[in-house]
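The file model32.cif contains mmCIF, C-alpha atoms:
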```
data_protein
#
loop_
_atom_site.group_PDB
_atom_site.id
_atom_site.type_symbol
_atom_site.label_atom_id
_atom_site.label_comp_id
_atom_site.auth_asym_id
_atom_site.auth_seq_id
_atom_site.Cartn_x
_atom_site.Cartn_y
_atom_site.Cartn_z
ATOM 1 C CA MET A 22 103.688 152.009 57.348
ATOM 2 C CA PRO A 23 104.499 150.432 60.747
ATOM 3 C CA ASN A 24 102.066 152.863 62.367
ATOM 4 C CA ASN A 25 99.296 151.764 60.002
ATOM 5 C CA ARG A 26 100.003 148.131 60.813
ATOM 6 C CA LEU A 27 99.875 148.812 64.556
ATOM 7 C CA LYS A 28 96.626 150.704 64.113
ATOM 8 C CA GLN A 29 95.114 147.806 62.168
ATOM 9 C CA GLU A 30 96.230 145.319 64.815
ATOM 10 C CA TRP A 31 94.794 147.497 67.585
ATOM 11 C CA GLU A 32 91.462 147.811 65.771
ATOM 12 C CA SER A 33 91.433 144.054 65.209
ATOM 13 C CA HIS A 34 91.967 143.390 68.929
ATOM 14 C CA MET A 35 89.245 145.857 69.888
ATOM 15 C CA ASN A 36 86.827 144.246 67.444
ATOM 16 C CA LYS A 37 87.606 140.838 68.886
ATOM 17 C CA LEU A 38 86.955 142.050 72.424
ATOM 18 C CA GLN A 39 83.594 143.406 71.289
ATOM 19 C CA ALA A 40 82.844 140.096 69.570
ATOM 20 C CA MET A 41 83.723 138.247 72.794
ATOM 21 C CA GLU A 42 81.358 140.478 74.747
ATOM 22 C CA VAL A 43 78.592 139.826 72.222
ATOM 23 C CA PHE A 44 79.254 136.074 72.259
ATOM 24 C CA ILE A 45 79.002 135.996 76.082
ATOM 25 C CA GLN A 46 75.707 137.888 75.979
ATOM 26 C CA VAL A 47 74.242 135.508 73.370
ATOM 27 C CA VAL A 48 75.179 132.515 75.515
ATOM 28 C CA ASP A 49 73.779 134.104 78.681
ATOM 29 C CA CYS A 50 70.508 135.076 76.986
ATOM 30 C CA GLY A 51 70.216 131.955 74.842
ATOM 31 C CA SER A 52 69.069 134.164 71.990
ATOM 32 C CA PHE A 53 70.542 136.533 69.401
ATOM 33 C CA THR A 54 67.447 138.725 69.620
ATOM 34 C CA LYS A 55 67.596 139.117 73.406
ATOM 35 C CA ALA A 56 71.345 139.701 73.299
ATOM 36 C CA ALA A 57 70.871 142.431 70.702
ATOM 37 C CA GLU A 58 68.253 144.096 72.918
ATOM 38 C CA MET A 59 70.510 143.922 75.983
ATOM 39 C CA LEU A 60 73.476 145.359 74.081
ATOM 40 C CA ASN A 61 71.363 147.914 72.182
ATOM 41 C CA LEU A 62 72.730 146.624 68.881
ATOM 42 C CA PRO A 63 71.004 145.511 65.674
ATOM 43 C CA LYS A 64 70.427 141.774 65.588
ATOM 44 C CA ALA A 65 72.319 141.582 62.277
ATOM 45 C CA THR A 66 75.384 143.148 63.929
ATOM 46 C CA VAL A 67 75.271 140.621 66.772
ATOM 47 C CA SER A 68 75.005 137.739 64.327
ATOM 48 C CA THR A 69 77.836 139.081 62.147
ATOM 49 C CA LEU A 70 80.185 139.558 65.107
ATOM 50 C CA VAL A 71 79.645 135.986 66.294
ATOM 51 C CA GLN A 72 80.099 134.611 62.766
ATOM 52 C CA THR A 73 83.309 136.633 62.358
ATOM 53 C CA LEU A 74 84.554 135.272 65.675
ATOM 54 C CA GLU A 75 83.837 131.697 64.575
ATOM 55 C CA ALA A 76 85.587 132.306 61.259
ATOM 56 C CA SER A 77 88.690 133.698 62.943
ATOM 57 C CA LEU A 78 88.843 130.679 65.284
ATOM 58 C CA SER A 79 87.868 128.131 62.621
ATOM 59 C CA VAL A 80 85.459 126.475 65.094
ATOM 60 C CA LYS A 81 81.697 126.349 65.617
ATOM 61 C CA LEU A 82 80.816 128.108 68.855
ATOM 62 C CA LEU A 83 77.027 127.889 68.680
ATOM 63 C CA HIS A 84 74.383 125.583 67.232
ATOM 64 C CA ARG A 85 71.535 127.691 65.842
ATOM 65 C CA THR A 86 67.980 126.523 65.176
ATOM 66 C CA THR A 87 64.804 128.477 64.520
ATOM 67 C CA ARG A 88 63.811 128.067 68.179
ATOM 68 C CA GLN A 89 66.978 128.138 70.231
ATOM 69 C CA VAL A 90 70.711 128.705 70.403
ATOM 70 C CA MET A 91 72.883 126.020 72.000
ATOM 71 C CA ILE A 92 76.566 126.260 72.843
ATOM 72 C CA THR A 93 79.004 123.678 71.457
ATOM 73 C CA SER A 94 81.685 121.989 73.561
ATOM 74 C CA ASP A 95 84.311 124.226 71.961
ATOM 75 C CA GLY A 96 82.035 127.198 72.556
ATOM 76 C CA ALA A 97 81.659 126.342 76.259
ATOM 77 C CA ALA A 98 85.431 126.221 76.737
ATOM 78 C CA TYR A 99 85.861 129.479 74.815
ATOM 79 C CA TYR A 100 83.060 131.110 76.802
ATOM 80 C CA GLU A 101 84.888 130.554 80.091
ATOM 81 C CA ARG A 102 88.090 132.022 78.655
ATOM 82 C CA CYS A 103 86.210 135.034 77.276
ATOM 83 C CA VAL A 104 84.645 135.747 80.672
ATOM 84 C CA GLN A 105 88.082 135.640 82.297
ATOM 85 C CA ILE A 106 89.752 137.752 79.593
ATOM 86 C CA LEU A 107 87.126 140.494 79.756
ATOM 87 C CA SER A 108 87.276 140.402 83.536
ATOM 88 C CA ASP A 109 91.046 140.913 83.389
ATOM 89 C CA VAL A 110 90.630 143.788 80.940
ATOM 90 C CA ARG A 111 88.140 145.513 83.264
ATOM 91 C CA ASP A 112 90.432 144.930 86.242
ATOM 92 C CA ALA A 113 93.266 146.587 84.362
ATOM 93 C CA GLU A 114 91.097 149.553 83.399
ATOM 94 C CA GLU A 115 89.824 150.014 86.933
ATOM 95 C CA SER A 116 93.301 149.738 88.441
ATOM 96 C CA LEU A 117 94.358 152.709 86.293
ATOM 97 C CA SER A 118 91.344 154.802 87.224
ATOM 98 C CA ARG A 119 91.091 154.142 90.959
ATOM 99 C CA HIS A 120 92.449 157.596 91.641
ATOM 100 C CA ARG A 121 89.005 158.847 90.672
ATOM 101 C CA LEU A 122 87.576 157.192 93.805
ATOM 102 C CA SER A 123 84.137 157.550 92.283
ATOM 103 C CA PRO A 124 82.850 154.683 90.112
ATOM 104 C CA SER A 125 80.679 155.789 87.240
ATOM 105 C CA GLY A 126 78.109 154.490 84.809
ATOM 106 C CA ARG A 127 74.696 152.833 84.776
ATOM 107 C CA LEU A 128 73.870 150.493 87.651
ATOM 108 C CA ARG A 129 70.711 148.362 87.452
ATOM 109 C CA VAL A 130 69.486 147.074 90.824
ATOM 110 C CA ASP A 131 66.304 145.205 91.701
ATOM 111 C CA THR A 132 64.760 145.166 95.194
ATOM 112 C CA PRO A 133 61.499 144.117 96.870
ATOM 113 C CA THR A 134 58.827 146.832 96.780
ATOM 114 C CA GLY A 135 58.581 147.583 100.486
ATOM 115 C CA LEU A 136 62.323 147.548 101.013
ATOM 116 C CA ALA A 137 62.768 150.031 98.176
ATOM 117 C CA SER A 138 60.133 152.488 99.409
ATOM 118 C CA GLU A 139 60.881 152.383 103.140
ATOM 119 C CA ILE A 140 64.600 151.638 103.418
ATOM 120 C CA LEU A 141 66.574 152.195 100.215
ATOM 121 C CA ILE A 142 65.005 155.280 98.642
ATOM 122 C CA PRO A 143 65.129 157.418 101.825
ATOM 123 C CA ALA A 144 68.840 156.553 102.133
ATOM 124 C CA LEU A 145 69.776 157.199 98.484
ATOM 125 C CA PRO A 146 70.755 160.877 98.932
ATOM 126 C CA ALA A 147 73.702 159.647 101.019
ATOM 127 C CA PHE A 148 74.594 157.122 98.316
ATOM 128 C CA PHE A 149 74.634 159.741 95.560
ATOM 129 C CA GLU A 150 76.608 162.136 97.727
ATOM 130 C CA ARG A 151 79.264 159.434 98.016
ATOM 131 C CA TYR A 152 79.029 158.221 94.388
ATOM 132 C CA PRO A 153 77.732 161.115 92.250
ATOM 133 C CA ASP A 154 78.853 159.591 88.939
ATOM 134 C CA ILE A 155 76.676 156.466 89.192
ATOM 135 C CA THR A 156 73.333 156.462 87.373
ATOM 136 C CA LEU A 157 71.023 154.139 89.288
ATOM 137 C CA GLU A 158 68.126 152.259 87.703
ATOM 138 C CA LEU A 159 66.182 150.862 90.647
ATOM 139 C CA GLY A 160 63.554 148.245 89.896
ATOM 140 C CA SER A 161 61.136 147.500 92.723
ATOM 141 C CA THR A 162 59.011 144.385 92.522
ATOM 142 C CA ASP A 163 58.148 141.431 94.729
ATOM 143 C CA ARG A 164 58.596 139.186 91.683
ATOM 144 C CA PRO A 165 61.992 137.454 91.497
ATOM 145 C CA VAL A 166 63.702 138.667 88.322
ATOM 146 C CA ASP A 167 66.128 136.814 86.056
ATOM 147 C CA LEU A 168 69.257 138.911 86.495
ATOM 148 C CA VAL A 169 70.996 137.822 83.280
ATOM 149 C CA GLU A 170 67.955 137.872 81.008
ATOM 150 C CA GLU A 171 66.695 141.216 82.326
ATOM 151 C CA GLY A 172 70.083 142.933 82.460
ATOM 152 C CA VAL A 173 70.153 143.439 86.234
ATOM 153 C CA ASP A 174 73.591 143.975 87.808
ATOM 154 C CA CYS A 175 72.576 142.886 91.291
ATOM 155 C CA ALA A 176 69.436 142.321 93.347
ATOM 156 C CA VAL A 177 68.362 142.342 96.970
ATOM 157 C CA ARG A 178 66.413 139.206 97.847
ATOM 158 C CA GLY A 179 64.768 137.828 100.950
ATOM 159 C CA GLY A 180 64.644 134.140 101.835
ATOM 160 C CA GLU A 181 66.942 131.180 101.337
ATOM 161 C CA LEU A 182 68.663 131.123 97.950
ATOM 162 C CA VAL A 183 68.395 128.115 95.656
ATOM 163 C CA ASP A 184 69.892 129.426 92.396
ATOM 164 C CA PRO A 185 73.446 127.995 92.024
ATOM 165 C CA ASN A 186 74.218 130.533 89.273
ATOM 166 C CA LEU A 187 74.144 133.445 91.704
ATOM 167 C CA ILE A 188 76.764 134.660 94.144
ATOM 168 C CA ALA A 189 75.153 135.881 97.352
ATOM 169 C CA ARG A 190 76.284 138.055 100.235
ATOM 170 C CA ARG A 191 74.070 137.972 103.291
ATOM 171 C CA ILE A 192 73.525 141.492 104.559
ATOM 172 C CA GLY A 193 70.744 141.261 107.124
ATOM 173 C CA VAL A 194 67.444 139.833 108.279
ATOM 174 C CA ILE A 195 63.819 140.916 108.114
ATOM 175 C CA ASN A 196 61.463 140.437 111.068
ATOM 176 C CA PHE A 197 57.694 140.232 110.919
ATOM 177 C CA VAL A 198 54.807 141.672 112.936
ATOM 178 C CA THR A 199 51.159 140.587 113.014
ATOM 179 C CA ALA A 200 48.706 143.488 113.070
ATOM 180 C CA ALA A 201 45.201 144.697 112.253
ATOM 181 C CA ALA A 202 43.314 147.961 111.937
ATOM 182 C CA PRO A 203 41.630 149.237 115.156
ATOM 183 C CA ALA A 204 38.242 149.138 113.405
ATOM 184 C CA TYR A 205 38.752 145.465 112.592
ATOM 185 C CA ILE A 206 39.652 144.652 116.215
ATOM 186 C CA ALA A 207 36.649 146.609 117.481
ATOM 187 C CA ARG A 208 34.363 144.583 115.242
ATOM 188 C CA PHE A 209 35.870 141.092 115.461
ATOM 189 C CA GLY A 210 37.867 141.143 118.693
ATOM 190 C CA MET A 211 41.521 140.545 119.544
ATOM 191 C CA PRO A 212 42.846 136.989 119.025
ATOM 192 C CA GLN A 213 44.635 135.582 122.061
ATOM 193 C CA HIS A 214 46.325 132.619 120.372
ATOM 194 C CA PRO A 215 47.373 131.793 116.776
ATOM 195 C CA ARG A 216 44.681 129.096 116.694
ATOM 196 C CA ASP A 217 42.098 131.866 117.127
ATOM 197 C CA LEU A 218 43.014 133.179 113.674
ATOM 198 C CA ASP A 219 40.939 130.397 112.080
ATOM 199 C CA ARG A 220 37.863 132.345 113.198
ATOM 200 C CA HIS A 221 39.146 135.663 111.846
ATOM 201 C CA ARG A 222 39.536 137.289 108.447
ATOM 202 C CA CYS A 223 43.173 137.248 107.374
ATOM 203 C CA VAL A 224 44.833 138.918 104.406
ATOM 204 C CA ASN A 225 47.024 136.391 102.614
ATOM 205 C CA TYR A 226 50.171 136.924 100.574
ATOM 206 C CA PHE A 227 50.909 134.849 97.479
ATOM 207 C CA SER A 228 54.076 134.355 95.465
ATOM 208 C CA ALA A 229 54.187 136.282 92.200
ATOM 209 C CA LYS A 230 56.310 133.461 90.786
ATOM 210 C CA THR A 231 54.460 130.322 91.922
ATOM 211 C CA GLY A 232 51.045 131.643 92.956
ATOM 212 C CA LYS A 233 51.417 129.739 96.235
ATOM 213 C CA ILE A 234 49.899 131.366 99.327
ATOM 214 C CA SER A 235 52.374 131.803 102.181
ATOM 215 C CA LYS A 236 51.749 130.014 105.466
ATOM 216 C CA TRP A 237 51.813 131.877 108.757
ATOM 217 C CA ASP A 238 54.242 130.752 111.476
ATOM 218 C CA PHE A 239 54.323 131.591 115.180
ATOM 219 C CA THR A 240 56.785 130.662 117.949
ATOM 220 C CA ARG A 241 56.607 131.192 121.718
ATOM 221 C CA ASP A 242 58.571 129.481 124.495
ATOM 222 C CA GLY A 243 59.530 126.560 122.282
ATOM 223 C CA GLU A 244 56.024 126.076 120.890
ATOM 224 C CA ARG A 245 55.811 126.456 117.118
ATOM 225 C CA ILE A 246 52.647 126.704 115.037
ATOM 226 C CA GLU A 247 52.464 126.876 111.241
ATOM 227 C CA VAL A 248 49.058 127.377 109.664
ATOM 228 C CA ALA A 249 47.388 128.173 106.362
ATOM 229 C CA LEU A 250 44.676 130.696 107.139
ATOM 230 C CA PRO A 251 41.402 131.472 105.366
ATOM 231 C CA GLY A 252 41.026 134.890 103.802
ATOM 232 C CA SER A 253 38.808 136.739 101.369
ATOM 233 C CA ILE A 254 41.746 138.467 99.632
ATOM 234 C CA ALA A 255 45.361 137.659 98.762
ATOM 235 C CA LEU A 256 47.961 140.033 97.315
ATOM 236 C CA ASN A 257 51.498 139.768 95.954
ATOM 237 C CA ASP A 258 52.749 143.322 96.527
ATOM 238 C CA SER A 259 53.954 144.242 100.016
ATOM 239 C CA ASN A 260 52.815 147.881 99.918
ATOM 240 C CA ALA A 261 49.349 146.899 98.685
ATOM 241 C CA TYR A 262 49.260 144.174 101.334
ATOM 242 C CA VAL A 263 49.875 146.698 104.123
ATOM 243 C CA GLN A 264 47.186 149.008 102.743
ATOM 244 C CA ALA A 265 44.725 146.112 102.808
ATOM 245 C CA GLY A 266 45.395 145.802 106.528
ATOM 246 C CA VAL A 267 45.047 149.549 107.106
ATOM 247 C CA ALA A 268 41.719 149.452 105.247
ATOM 248 C CA GLY A 269 40.406 146.888 107.740
ATOM 249 C CA LEU A 270 40.217 143.936 105.340
ATOM 250 C CA GLY A 271 41.690 141.618 107.951
ATOM 251 C CA ILE A 272 44.706 140.648 110.040
ATOM 252 C CA ILE A 273 48.062 140.826 108.263
ATOM 253 C CA MET A 274 51.607 139.622 108.897
ATOM 254 C CA MET A 275 54.231 141.883 107.370
ATOM 255 C CA THR A 276 57.747 143.217 107.913
ATOM 256 C CA ASP A 277 58.150 145.357 111.013
ATOM 257 C CA TYR A 278 59.740 148.255 109.119
ATOM 258 C CA LEU A 279 56.625 148.557 106.915
ATOM 259 C CA LEU A 280 54.223 148.423 109.865
ATOM 260 C CA ALA A 281 56.109 150.534 112.417
ATOM 261 C CA GLN A 282 54.786 153.918 111.230
ATOM 262 C CA HIS A 283 51.204 152.647 110.949
ATOM 263 C CA ILE A 284 51.299 151.199 114.474
ATOM 264 C CA GLY A 285 52.902 154.375 115.813
ATOM 265 C CA ALA A 286 50.205 156.519 114.180
ATOM 266 C CA GLY A 287 47.396 154.315 115.497
ATOM 267 C CA ARG A 288 46.326 153.104 112.058
ATOM 268 C CA MET A 289 47.255 149.536 113.036
ATOM 269 C CA VAL A 290 47.362 147.567 116.287
ATOM 270 C CA GLN A 291 49.842 144.785 116.968
ATOM 271 C CA VAL A 292 48.275 141.341 117.311
ATOM 272 C CA LEU A 293 49.765 138.424 119.286
ATOM 273 C CA PRO A 294 52.806 140.488 120.382
ATOM 274 C CA GLU A 295 54.186 137.683 122.564
ATOM 275 C CA TRP A 296 54.497 135.400 119.529
ATOM 276 C CA SER A 297 57.330 135.760 117.031
ATOM 277 C CA SER A 298 57.656 134.649 113.401
ATOM 278 C CA ASP A 299 60.654 133.267 111.572
ATOM 279 C CA PRO A 300 62.999 136.042 110.412
ATOM 280 C CA LEU A 301 63.838 136.167 106.715
ATOM 281 C CA PRO A 302 67.502 136.319 105.649
ATOM 282 C CA VAL A 303 68.363 139.060 103.137
ATOM 283 C CA HIS A 304 71.087 138.773 100.478
ATOM 284 C CA VAL A 305 72.587 140.858 97.714
ATOM 285 C CA VAL A 306 73.006 138.571 94.690
ATOM 286 C CA TYR A 307 74.725 138.862 91.328
ATOM 287 C CA PRO A 308 75.564 136.410 88.499
ATOM 288 C CA GLN A 309 78.643 134.302 89.199
ATOM 289 C CA ASN A 310 79.914 134.536 85.615
ATOM 290 C CA ARG A 311 79.940 138.302 85.733
ATOM 291 C CA HIS A 312 82.842 140.537 86.662
ATOM 292 C CA LEU A 313 82.045 142.424 89.856
ATOM 293 C CA SER A 314 82.488 145.976 88.589
ATOM 294 C CA ALA A 315 83.464 148.848 90.838
ATOM 295 C CA LYS A 316 79.961 150.315 90.812
ATOM 296 C CA VAL A 317 78.399 146.990 91.861
ATOM 297 C CA ARG A 318 81.070 146.515 94.514
ATOM 298 C CA VAL A 319 80.466 149.915 96.108
ATOM 299 C CA PHE A 320 76.691 149.420 96.047
ATOM 300 C CA VAL A 321 77.046 146.060 97.805
ATOM 301 C CA GLU A 322 79.288 147.653 100.438
ATOM 302 C CA TRP A 323 76.935 150.606 100.848
ATOM 303 C CA ILE A 324 73.788 148.556 101.321
ATOM 304 C CA SER A 325 75.646 146.243 103.718
ATOM 305 C CA GLU A 326 76.497 149.315 105.803
ATOM 306 C CA LEU A 327 72.881 150.487 105.569
ATOM 307 C CA PHE A 328 71.552 147.194 106.941
ATOM 308 C CA ALA A 329 74.265 146.994 109.609
ATOM 309 C CA GLY A 330 73.215 150.413 110.910
ATOM 310 C CA HIS A 331 69.510 149.580 111.112
ATOM 311 C CA PRO A 332 68.387 147.877 114.377
ATOM 312 C CA ASN A 333 65.537 146.038 112.622
ATOM 313 C CA LEU A 334 67.634 144.704 109.736
ATOM 314 C CA ARG A 335 71.162 144.010 110.907
ATOM 315 C CA LEU A 336 72.590 140.523 111.228
ATOM 316 C CA GLN A 337 72.938 138.686 114.529
ATOM 317 C CA ALA A 338 70.935 141.186 116.511
ATOM 318 C CA PRO A 339 68.123 140.486 118.987
ATOM 319 C CA ARG A 340 64.725 141.203 117.561
ATOM 320 C CA PRO A 341 63.716 144.750 118.529
ATOM 321 C CA SER A 342 60.320 145.536 119.941
ATOM 322 C CA VAL A 343 57.792 147.471 117.916
ATOM 323 C CA GLN A 344 58.535 150.477 120.138
ATOM 324 C CA GLN A 345 62.220 150.251 119.158
ATOM 325 C CA ALA A 346 61.126 150.010 115.529
ATOM 326 C CA LEU A 347 59.117 153.204 115.943
ATOM 327 C CA GLU A 348 62.143 154.999 117.333
ATOM 328 C CA THR A 349 64.087 154.295 114.114
ATOM 329 C CA VAL A 350 61.548 155.732 111.633
#
```

For the structure just supplied, provide its representation as structure tokens.
Amino acid sequence: MPNNRLKQEWESHMNKLQAMEVFIQVVDCGSFTKAAEMLNLPKATVSTLVQTLEASLSVKLLHRTTRQVMITSDGAAYYERCVQILSDVRDAEESLSRHRLSPSGRLRVDTPTGLASEILIPALPAFFERYPDITLELGSTDRPVDLVEEGVDCAVRGGELVDPNLIARRIGVINFVTAAAPAYIARFGMPQHPRDLDRHRCVNYFSAKTGKISKWDFTRDGERIEVALPGSIALNDSNAYVQAGVAGLGIIMMTDYLLAQHIGAGRMVQVLPEWSSDPLPVHVVYPQNRHLSAKVRVFVEWISELFAGHPNLRLQAPRPSVQQALETV
């Protein structure tokens, strides 16, 4: 009889932990439907677990309407405690399994397209050799994703961060090179100054999120120029953008690690080499209300090492020349 009671209590605690996890996901997603999709559970199960949790606490955690789900004041306080409790549970589990030295499970990471193809993917064999039990789902897009809504554990992002809900670790910088195809230069000539670009065809880059076309910036000996340039085409994918330059559609400004091989092979020619452009800071980000699991932690450490070992990407390093960039590819 005592054993049956202990078993029932244990099952009750496990059910409550699952209900807490479901409640957190509903709050994060703002929707029972989205939470059910993220957790791979039937919507009815998600709804029942939250209702059971409310009944056991004798409080209303969520206000539900046909259009949205809003958290109550009691629900907000309980949410914070749930996040901490589940974090403590995971810490306890990991502390008992650290002898494995190899974190396991699904890890969802999102990175910019060019960074994925040129930097991360070639280095992944070393990652899997170190962490063979991790299953990596690598999303590559130049569109900023919503980490919570899309179920992403962490993301690599370039630029200054403005989202207060994300924790960020700066891991490196990205430098830019201006270049054009030899056929384009032969036809239209080589610009000698950034102001000359007004008379050239330029390939523009626009934000997938805002649709805004990026300005071009140049600095030399204390002189800084920022211009919006005319162009007959604009793209929002870095790999497609580079190919537009290789095809001779106009002058482009892109990351040095994407252009190094093309310049080395003669498919592109550097333009305005004495002028530099503002470097872009790179961060690994993850939601602040999420427990930093072992698999996320080791990925963050690994990619930090990867950037630190790359002369074109590491922090607090002088900008390498294009020739140095070629020597690293």

Just the residues within 9 Å of Cys223 in chain A, please, counting only C-alpha atoms, with nothing from its chain fewer than 6 positions along; format it as a PyMOL selection string. chain A and resi 250-255+266+270-274

Let me make sure I understand: among A:Arg151, A:His214, A:Arg191, A:Arg222, which one has the smallest atom-to-atom distance to Phe328 in chain A if we use all atoms listed in the file? A:Arg191

Output check: residues returned by the PyMOL selection byres ((chain A and resi 305) around 7), as a list in words: Cys175, Ala176, Val177, Arg178, Ala189, Arg190, Arg191, Ile192, His304, Val306 and Val321 of chain A

From (76.6, 150.6, 98.2), in the file's coordinates, out to 12 Å: which residues are reached, counting only C-alpha atoms? Answer as a JSON list (two decimals) with C-alpha atoms, in the coordinates of the input.
```
[["chain", "number", "residue", "atom", "x", "y", "z"],
["A", 123, "SER", "CA", 84.14, 157.55, 92.28],
["A", 124, "PRO", "CA", 82.85, 154.68, 90.11],
["A", 128, "LEU", "CA", 73.87, 150.49, 87.65],
["A", 130, "VAL", "CA", 69.49, 147.07, 90.82],
["A", 141, "LEU", "CA", 66.57, 152.20, 100.22],
["A", 144, "ALA", "CA", 68.84, 156.55, 102.13],
["A", 145, "LEU", "CA", 69.78, 157.20, 98.48],
["A", 146, "PRO", "CA", 70.76, 160.88, 98.93],
["A", 147, "ALA", "CA", 73.70, 159.65, 101.02],
["A", 148, "PHE", "CA", 74.59, 157.12, 98.32],
["A", 149, "PHE", "CA", 74.63, 159.74, 95.56],
["A", 150, "GLU", "CA", 76.61, 162.14, 97.73],
["A", 151, "ARG", "CA", 79.26, 159.43, 98.02],
["A", 152, "TYR", "CA", 79.03, 158.22, 94.39],
["A", 155, "ILE", "CA", 76.68, 156.47, 89.19],
["A", 157, "LEU", "CA", 71.02, 154.14, 89.29],
["A", 175, "CYS", "CA", 72.58, 142.89, 91.29],
["A", 176, "ALA", "CA", 69.44, 142.32, 93.35],
["A", 177, "VAL", "CA", 68.36, 142.34, 96.97],
["A", 192, "ILE", "CA", 73.53, 141.49, 104.56],
["A", 305, "VAL", "CA", 72.59, 140.86, 97.71],
["A", 315, "ALA", "CA", 83.46, 148.85, 90.84],
["A", 316, "LYS", "CA", 79.96, 150.32, 90.81],
["A", 317, "VAL", "CA", 78.40, 146.99, 91.86],
["A", 318, "ARG", "CA", 81.07, 146.51, 94.51],
["A", 319, "VAL", "CA", 80.47, 149.92, 96.11],
["A", 320, "PHE", "CA", 76.69, 149.42, 96.05],
["A", 321, "VAL", "CA", 77.05, 146.06, 97.80],
["A", 322, "GLU", "CA", 79.29, 147.65, 100.44],
["A", 323, "TRP", "CA", 76.94, 150.61, 100.85],
["A", 324, "ILE", "CA", 73.79, 148.56, 101.32],
["A", 325, "SER", "CA", 75.65, 146.24, 103.72],
["A", 326, "GLU", "CA", 76.50, 149.32, 105.80],
["A", 327, "LEU", "CA", 72.88, 150.49, 105.57],
["A", 328, "PHE", "CA", 71.55, 147.19, 106.94]]
```

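Reported to one decimal place, the separation of CA of Ile195 in chain A from CA of Ser138 in chain A is 14.9 Å.
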
Of A:Pro63, A:Pro332, A:Pro203, A:Gly243, the one sitting nearest Gln291 in chain A when using all atoms listed in the file is A:Pro203

Ranking A:Gln89, A:Phe197, A:Val267, A:Pro165 by minimum distance to Asp184 in chain A and counting all atoms listed in the file, which one comes first?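 The answer is A:Pro165, which sits nearest to Asp184 in chain A.
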
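We find CA of Thr132 in chain A and CA of Ile188 in chain A to be spaced 16.0 Å apart.
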
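Ranking A:Ala113, A:Leu74, A:Leu313, A:Val104 by their shortest atom-to-atom distance to Asp174 in chain A, with all atoms listed in the file included, puts A:Leu313 first.
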
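Of the residues under consideration (A:Gly285, A:Gly269, A:Pro212, A:Gly193), A:Gly193 shows the shortest atom-to-atom contact distance to His331 in chain A when counting only C-alpha atoms.
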
Would you work out the distance separating CA of Arg127 in chain A from CA of Asp154 in chain A, expressed in Å to one decimal? 9.0 Å

Range 75-79 of chain A: which residues within 12 Å, counting only C-alpha atoms, same-chain residues fewer than 6 positions away excluded, as a list in words?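 Contacts, in chain order: Ser33, His34, Asn36, Lys37, Ala40, Met41, Phe44, Ser68, Thr69, Thr93, Asp95, Gly96 and Tyr99 of chain A.
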
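When you apply the PyMOL selection byres ((chain A and resi 105) around 12) to this structure, what comes back is Leu38, Met41, Glu42, Ile45, Ala98, Tyr99, Tyr100, Glu101, Arg102, Cys103, Val104, Ile106, Leu107, Ser108, Asp109, Val110, Arg111, Asp112, Gln309, Asn310, Arg311, His312 and Leu313 of chain A.
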
Serialized selection, C-alpha atoms, as a compact mmCIF listing (two decimals), in the coordinates of the input:
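The file below, part_13.txt, is the result:
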```txt
# COMPACT_ATOMS: atom_id res chain seq x y z
CA LEU A 38 86.96 142.05 72.42
CA MET A 41 83.72 138.25 72.79
CA GLU A 42 81.36 140.48 74.75
CA ILE A 45 79.00 136.00 76.08
CA ALA A 98 85.43 126.22 76.74
CA TYR A 99 85.86 129.48 74.82
CA TYR A 100 83.06 131.11 76.80
CA GLU A 101 84.89 130.55 80.09
CA ARG A 102 88.09 132.02 78.66
CA CYS A 103 86.21 135.03 77.28
CA VAL A 104 84.64 135.75 80.67
CA ILE A 106 89.75 137.75 79.59
CA LEU A 107 87.13 140.49 79.76
CA SER A 108 87.28 140.40 83.54
CA ASP A 109 91.05 140.91 83.39
CA VAL A 110 90.63 143.79 80.94
CA ARG A 111 88.14 145.51 83.26
CA ASP A 112 90.43 144.93 86.24
CA GLN A 309 78.64 134.30 89.20
CA ASN A 310 79.91 134.54 85.62
CA ARG A 311 79.94 138.30 85.73
CA HIS A 312 82.84 140.54 86.66
CA LEU A 313 82.04 142.42 89.86
```

Counting only C-alpha atoms, which residues of range 146-202 of chain A sit at most 10 Å from some atom of range 227-241 of chain A, and what is each one's closest atom pair with its distance in Å to one decimal, listed by chain and rising residue number, as a tab-separated table?
```
residue	atom	partner	partner_atom	distance
A:Thr162	CA	A:Ala229	CA	9.4
A:Asp163	CA	A:Ala229	CA	7.0
A:Arg164	CA	A:Ala229	CA	5.3
A:Pro165	CA	A:Lys230	CA	7.0
A:Val166	CA	A:Lys230	CA	9.4
A:Thr199	CA	A:Trp237	CA	9.7
```

Near Gly287 in chain A, counting only C-alpha atoms, which residues have an atom at most 12 Å away, once you skip same-chain residues fewer than 4 positions from it, shown as an mmCIF file with C-alpha atoms, keeping the file's coordinate frame?
```cif
data_model
loop_
_atom_site.group_PDB
_atom_site.id
_atom_site.type_symbol
_atom_site.label_atom_id
_atom_site.label_comp_id
_atom_site.auth_asym_id
_atom_site.auth_seq_id
_atom_site.Cartn_x
_atom_site.Cartn_y
_atom_site.Cartn_z
ATOM 1 C CA ALA A 200 48.706 143.488 113.070
ATOM 2 C CA ALA A 201 45.201 144.697 112.253
ATOM 3 C CA ALA A 202 43.314 147.961 111.937
ATOM 4 C CA PRO A 203 41.630 149.237 115.156
ATOM 5 C CA ALA A 204 38.242 149.138 113.405
ATOM 6 C CA VAL A 267 45.047 149.549 107.106
ATOM 7 C CA LEU A 280 54.223 148.423 109.865
ATOM 8 C CA ALA A 281 56.109 150.534 112.417
ATOM 9 C CA GLN A 282 54.786 153.918 111.230
ATOM 10 C CA HIS A 283 51.204 152.647 110.949
ATOM 11 C CA GLN A 291 49.842 144.785 116.968
ATOM 12 C CA LEU A 347 59.117 153.204 115.943
#
```
